[in-house]
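Here's the structure, in structure tokens; my notes come after.
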Amino acid sequence: MAVSQSSKPPVIDSSVPSSPRIWNFWMGGKDNYPVDKAVGEQGLAIDPHIGTMAKASRGFLIRAVAHLAREAGVRQFLDVGTGLPASENTHEVAQRIAPESRVVYVDNDPSVLRHAAALLQPVSAEGTVAYIDCDFHNPERIVEEARETLDFGEPVAVMFMGVLGHARSYADMQRIVRTVTEAVPSGSYLILWDGTVDSKPYVALCEEYAKGSPDPYYPRTQAEISACFEGLEFVEPGFGRIADWRPDPAAEERPEVAAYGGVARKP
């Protein structure tokens, strides 16, 4: 696995809550510190469904990546804002279906970088996994460094999985998505979801988190998230709740959390 980083090991401040570590806590993971757990528990008190949203997002990732690898023949994935490694990461899903798949992860959180080399290993000898240490507010650099691993002459699945609320503004959110999707060729895909303002508890959680975090999260409207797919062709069933996107028929229920997104093809 290739890891793009400086020669110095990442410095982790365990006294300051980290969004990827809090999300890891909500996912049921153990890669978090007491400060993250405290904020995570506070979040659960405000919005009891946030843990359900976290788990639903992983299910959406698995189904979307599996569909593109199996049905659409995509062999390259650019996962921007990947967060901490969890069960069923993008490369694991893709490479089990297509062992030759190449996956590039992008994040700039020190905790994610520290875990990258140890956990993000290819599951097949033919596959490739790389990591870029970069803030997604610099999409031009992401594209430049991703070209070292991915062939931008062939389709690439670009992924923004519940991370664009960290964009400083809605204009930045649009710019980030547009810059990366414009760089990939026809036949590429965009997989994107985010939390919305439909849920008052979720909005309250984000507002409370912003009070003590250097990296606030801004929920958007459904229309604002859907607009990120402008110029692309939605894969059925289109834009909607992520739990409703090609759900597992064996699933007993679909959580009605305020998480919306979809998968779309670049014509």
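Chain labels run A, B, ... following the order of the structure tokens; each chain numbers its residues from 1, and ligands are numbered from 1 in the order shown.
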What's around Ala146 of chain A at 12 Å? Count only C-alpha atoms, leave out sequence neighbours fewer than 3 positions away in its own chain, and write the answer as number ranges by chain.
A: 2-4, 76-80, 102-106, 129-134, 139-143, 149-152, 156, 158, 180, 183-184
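Residues in contact with Arg168 of chain A at 12 Å, where only C-alpha atoms are counted and same-chain residues fewer than 4 positions away are skipped, are listed as Asp135, Phe136, His137, Val163, Leu164, Asp172, Met173, Gln174, Arg175, Ile176, Pro214, Asp215, Pro216, Tyr217, Tyr218 and Pro219 of chain A.
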Nearest to Glu230 of chain A: which of A:Lys30, A:Ala264, A:Ala243, A:Trp23 is it, counting only C-alpha atoms?
->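 Among the listed residues, A:Ala264 lies closest to Glu230 of chain A.
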If you count only C-alpha atoms, the residue of A:Glu92, A:Asp13, A:Asp47, A:Glu154 closest to Asn32 of chain A turns out to be A:Asp13
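Among the candidate residues A:Asp198, A:Asp36, A:Glu208, A:Glu224, the one lying nearest to Ser169 of chain A is A:Glu224, with distances computed using only C-alpha atoms.
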Exercise. Counting only C-alpha atoms, figure out which residue out of A:Ala157, A:Leu113, A:Ile225, A:Ala94 gets nearest to Tyr260 of chain A.
Key: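 Nearest to Tyr260 of chain A: A:Ile225.
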